[in-house]
Amino acid sequence: MIGNRTLAVPGPTNMPFRVRQAMDVALEDHRAPDLPDFTLPLFADLKKVFRTETGTVFVFPGSGTGGWEAALRNTLSAGDGVLASSFGQFSDLWVQMCRQLNLNVTCIDQEWGKATPIDAYRDALAADKNHSIKAVLVCHNETATGVTSDVAAVRRVMDDLNHPAMLFVDGVSSIGSIEFNMDEWGVDVAVSGSQKGFMLPTGLAIVGVSERVLYEIKNVSTRDADTYLGCGYFDFHYMAETNRTGYFPYTPAMTLMRGLRASVDMLLEEGLDNVFARHHRLAEGVRQAITAWGLRNCAVDQANFSDTVTAILVNEDCDANDVIKAAYHNYGVSLGGGLSKVAGKVFRIGHLGWLNEAMVLQMLGGAEMAMRDAGIQFDAGSGVGAAVTYFTDTHAEKAKLLAAE
Ligand SMILES: Cc1ncc(COP(=O)(O)O)c(C=O)c1O
């Protein structure tokens, strides 16, 4: 193919040149005497991205799924109660992992397209008088349906009821892109990965852990119980003790961490609030396009529309996979597919990471050509035009935001 492929999936995302260059280094000694000069400031700056002062952020070789497992294995014993909700592929897979680990899951099944059900969580927690629920799971941004849940509201419910469960959040497609406040929201474990908001190749599970969890792991004897799940590789305590000195319990993914240094620098230099505002604006451009096409967002409630990914429902007489195939084969554009229950019903546009207006227009233009090839009826150029109008109309607002920084 001549020219660039267009990566419009919700992760992996486009890798900035600066990140790529930062990883273009000779392999290095992970036990070098000066390694802590590199790692300790990186650990400290990662905390800024998670917005935690009291927590600790660990970087494991792995991916988001490994981060889910780390959260569960470090803190829970077989039979422990977990409250979760399934409303898309990723929220559902975390539930399935809980079941595989013999946790006692109360799962509230939601229509795909809806968000974490706050009222149902309230009811389940209120009914749990003996506090058998030890962890509450929230998928902050359900990548399969483009739905963002209200983590702060879940925390408020837990606080209102004085429920002592831990709060675990899947922030794989939100952290570094959508507002996420680990301390303010009282999140005990926040899971992310390297290939979305962090704009890196896949290969790191980036996991924020609260002071409370680290304290309990160290001081409470769950670990001695027969039912303790055990977590050799992802052991938070071992990682914390070793990281304190600037080193790792095993060979770390040094090259990816060189890239991570660059990506964290980019996020902090732009300013997290600007990063969130940029994502919101780009997402809004995509949403304007969908409306102009006469199609619908898979996310049901506007309040939960995701600023990192949009799943676009095609009409029932169409197969969304035809759009995805045409985009890929005819125009070199990778759109996200519909997963599981929404396979064939949606195609997804990932609009996160290292992205600007013109790159979004390229994605929308690619989607339009593929939609025409797949026989979807709409006015050619209408979505791109709506996004152009929105981006130009709001340009002054964007400039004001940047100047205020
Ligand atoms: C919200 C969410 N959680 C978890 C995962 C799983 O992460 P990984 O594929 O990095 O293991 C993904 C992957 O796309 C995701 O979008």
# chains A, B, ... in the order shown; residues from 1 in each chain; ligands from 1
call {"tool": "select_by_dssp", "arguments": {"residues": "stretch 99-307 of chain A", "states": "strand (DSSP E or B)", "output": "PyMOL selection string"}}
result
chain A and resi 104-109+112+114+133-139+141-142+147-148+166-170+189-193+204-209+228+296-297+305
call {"tool": "write_last_selection", "arguments": {"atoms": "C-alpha atoms", "output": "mmCIF file, in the first residue's frame"}}
result
data_model
loop_
_atom_site.group_PDB
_atom_site.id
_atom_site.type_symbol
_atom_site.label_atom_id
_atom_site.label_comp_id
_atom_site.auth_asym_id
_atom_site.auth_seq_id
_atom_site.Cartn_x
_atom_site.Cartn_y
_atom_site.Cartn_z
ATOM 1 C CA ASN A 104 -18.333 -15.195 44.364
ATOM 2 C CA VAL A 105 -19.533 -12.720 41.752
ATOM 3 C CA THR A 106 -22.762 -10.775 41.906
ATOM 4 C CA CYS A 107 -22.980 -9.613 38.313
ATOM 5 C CA ILE A 108 -25.597 -7.141 37.189
ATOM 6 C CA ASP A 109 -26.218 -7.722 33.505
ATOM 7 C CA TRP A 112 -24.904 -3.393 25.949
ATOM 8 C CA LYS A 114 -25.614 1.167 29.052
ATOM 9 C CA ILE A 133 -18.628 -8.138 49.044
ATOM 10 C CA LYS A 134 -14.927 -7.415 49.227
ATOM 11 C CA ALA A 135 -14.443 -5.699 45.895
ATOM 12 C CA VAL A 136 -16.564 -3.565 43.599
ATOM 13 C CA LEU A 137 -15.559 -3.571 39.939
ATOM 14 C CA VAL A 138 -16.150 -0.733 37.499
ATOM 15 C CA CYS A 139 -15.157 -0.731 33.846
ATOM 16 C CA ASN A 141 -14.638 3.024 29.740
ATOM 17 C CA GLU A 142 -16.240 0.038 28.012
ATOM 18 C CA VAL A 147 -19.582 3.852 27.180
ATOM 19 C CA THR A 148 -18.021 5.737 30.089
ATOM 20 C CA MET A 166 -12.358 -2.081 47.755
ATOM 21 C CA LEU A 167 -13.053 -0.231 44.506
ATOM 22 C CA PHE A 168 -11.298 -1.647 41.428
ATOM 23 C CA VAL A 169 -11.428 0.255 38.153
ATOM 24 C CA ASP A 170 -10.594 -0.847 34.644
ATOM 25 C CA VAL A 189 -6.736 -0.608 42.175
ATOM 26 C CA ALA A 190 -6.732 1.133 38.786
ATOM 27 C CA VAL A 191 -5.720 -0.943 35.793
ATOM 28 C CA SER A 192 -4.330 0.390 32.561
ATOM 29 C CA GLY A 193 -2.215 -0.786 29.652
ATOM 30 C CA LEU A 204 2.892 -3.092 29.843
ATOM 31 C CA ALA A 205 0.212 -3.429 32.486
ATOM 32 C CA ILE A 206 0.265 -0.131 34.361
ATOM 33 C CA VAL A 207 -1.492 -0.529 37.677
ATOM 34 C CA GLY A 208 -2.235 2.040 40.374
ATOM 35 C CA VAL A 209 -2.614 0.627 43.885
ATOM 36 C CA TYR A 228 -5.648 -16.906 49.214
ATOM 37 C CA ARG A 296 -26.859 5.967 16.034
ATOM 38 C CA ASN A 297 -24.298 5.728 18.783
ATOM 39 C CA PHE A 305 -20.772 8.802 25.539
#
call {"tool": "residues_near_ligand", "arguments": {"ligand": "ligand 1", "cutoff": "8 Å", "atoms": "only C-alpha atoms and all ligand atoms", "output": "number ranges by chain"}}
result
A: 10-11, 62-68, 90-91, 94, 139-144, 170-174, 192-195, 202-205
call {"tool": "closest_residue", "arguments": {"among": "A:Leu352, A:Leu76, A:Leu335, A:Ala289", "to": "A:Lys196", "atoms": "only C-alpha atoms"}}
result
A:Leu352
call {"tool": "closest_residue", "arguments": {"among": "A:Leu256, A:Ile175, A:Leu46, A:Leu7", "to": "A:Val25", "atoms": "only C-alpha atoms"}}
result
A:Leu256
call {"tool": "atom_distance", "arguments": {"atom1": "atom CA of A:Val157", "atom2": "atom CA of A:Arg122"}}
result
6.0 Å
call {"tool": "closest_residue", "arguments": {"among": "A:Ile376, A:Glu241, A:Asn162, A:Gly246", "to": "A:Asp317", "atoms": "only C-alpha atoms"}}
result
A:Ile376
call {"tool": "atom_distance", "arguments": {"atom1": "atom CA of A:Asp235", "atom2": "atom CA of A:Thr39"}}
result
18.7 Å
call {"tool": "closest_residue", "arguments": {"among": "A:Thr242, A:Gly113, A:Leu125, A:Met199", "to": "A:Asp160", "atoms": "only C-alpha atoms"}}
result
A:Leu125
call {"tool": "select_by_dssp", "arguments": {"residues": "stretch 157-277 of chain A", "states": "alpha helix (DSSP H)", "output": "PyMOL selection string"}}
result
chain A and resi 157-160+211-219+236-243+254-270+272-277
call {"tool": "closest_residue", "arguments": {"among": "A:Val346, A:Ala8, A:Ala22, A:Val300", "to": "A:Val314", "atoms": "only C-alpha atoms"}}
result
A:Val346
call {"tool": "atom_distance", "arguments": {"atom1": "atom CA of A:Gly375", "atom2": "atom CA of A:Phe347"}}
result
14.5 Å
call {"tool": "residues_around", "arguments": {"residues": "A:Lys341", "least_positions_apart": "4", "cutoff": "9 Å", "atoms": "only C-alpha atoms", "output": "ChimeraX atom specification"}}
result
/A:88-89,112,345
call {"tool": "decode", "arguments": {"residues": "stretch 127-208 of chain A", "atoms": "C-alpha atoms", "output": "tab-separated table (two decimals), in the first residue's frame"}}
result
chain	number	residue	atom	x	y	z
A	127	ALA	CA	-28.34	-5.62	51.01
A	128	ASP	CA	-24.85	-6.84	51.85
A	129	LYS	CA	-25.20	-6.33	55.60
A	130	ASN	CA	-22.35	-8.64	56.59
A	131	HIS	CA	-19.98	-7.10	54.05
A	132	SER	CA	-19.29	-10.27	52.14
A	133	ILE	CA	-18.63	-8.14	49.04
A	134	LYS	CA	-14.93	-7.41	49.23
A	135	ALA	CA	-14.44	-5.70	45.90
A	136	VAL	CA	-16.56	-3.57	43.60
A	137	LEU	CA	-15.56	-3.57	39.94
A	138	VAL	CA	-16.15	-0.73	37.50
A	139	CYS	CA	-15.16	-0.73	33.85
A	140	HIS	CA	-14.60	3.01	33.51
A	141	ASN	CA	-14.64	3.02	29.74
A	142	GLU	CA	-16.24	0.04	28.01
A	143	THR	CA	-14.29	-0.05	24.77
A	144	ALA	CA	-16.69	-2.45	23.05
A	145	THR	CA	-19.65	-0.08	23.20
A	146	GLY	CA	-18.05	3.33	23.76
A	147	VAL	CA	-19.58	3.85	27.18
A	148	THR	CA	-18.02	5.74	30.09
A	149	SER	CA	-19.22	4.97	33.60
A	150	ASP	CA	-19.37	7.31	36.56
A	151	VAL	CA	-16.71	6.01	38.95
A	152	ALA	CA	-17.15	8.93	41.35
A	153	ALA	CA	-20.84	8.03	41.71
A	154	VAL	CA	-19.95	4.45	42.65
A	155	ARG	CA	-17.55	5.76	45.27
A	156	ARG	CA	-20.28	8.06	46.64
A	157	VAL	CA	-22.67	5.11	46.96
A	158	MET	CA	-20.04	3.08	48.82
A	159	ASP	CA	-19.31	5.98	51.16
A	160	ASP	CA	-23.00	6.74	51.76
A	161	LEU	CA	-23.51	3.14	52.83
A	162	ASN	CA	-20.26	2.97	54.73
A	163	HIS	CA	-19.44	-0.14	52.77
A	164	PRO	CA	-15.79	-1.14	53.26
A	165	ALA	CA	-15.29	-3.00	49.95
A	166	MET	CA	-12.36	-2.08	47.75
A	167	LEU	CA	-13.05	-0.23	44.51
A	168	PHE	CA	-11.30	-1.65	41.43
A	169	VAL	CA	-11.43	0.25	38.15
A	170	ASP	CA	-10.59	-0.85	34.64
A	171	GLY	CA	-9.06	2.29	33.17
A	172	VAL	CA	-7.48	0.58	30.18
A	173	SER	CA	-9.13	2.87	27.63
A	174	SER	CA	-9.58	5.90	29.87
A	175	ILE	CA	-6.44	6.64	31.88
A	176	GLY	CA	-4.34	9.26	30.13
A	177	SER	CA	-7.26	10.23	27.86
A	178	ILE	CA	-10.43	10.80	29.91
A	179	GLU	CA	-10.59	12.41	33.33
A	180	PHE	CA	-9.53	9.89	35.95
A	181	ASN	CA	-8.90	10.81	39.60
A	182	MET	CA	-7.59	7.88	41.58
A	183	ASP	CA	-7.34	9.57	44.99
A	184	GLU	CA	-10.41	11.76	44.72
A	185	TRP	CA	-12.56	8.80	43.68
A	186	GLY	CA	-11.08	6.49	46.31
A	187	VAL	CA	-9.97	3.90	43.78
A	188	ASP	CA	-8.06	0.99	45.33
A	189	VAL	CA	-6.74	-0.61	42.17
A	190	ALA	CA	-6.73	1.13	38.79
A	191	VAL	CA	-5.72	-0.94	35.79
A	192	SER	CA	-4.33	0.39	32.56
A	193	GLY	CA	-2.21	-0.79	29.65
A	194	SER	CA	0.41	0.77	27.44
A	195	GLN	CA	-1.29	0.66	24.02
A	196	LYS	CA	-4.07	3.21	24.37
A	197	GLY	CA	-3.77	6.57	26.15
A	198	PHE	CA	-0.08	5.90	26.77
A	199	MET	CA	0.50	5.70	22.99
A	200	LEU	CA	2.98	2.82	23.23
A	201	PRO	CA	3.13	-0.69	21.85
A	202	THR	CA	1.26	-3.30	23.87
A	203	GLY	CA	3.40	-4.90	26.56
A	204	LEU	CA	2.89	-3.09	29.84
A	205	ALA	CA	0.21	-3.43	32.49
A	206	ILE	CA	0.27	-0.13	34.36
A	207	VAL	CA	-1.49	-0.53	37.68
A	208	GLY	CA	-2.24	2.04	40.37
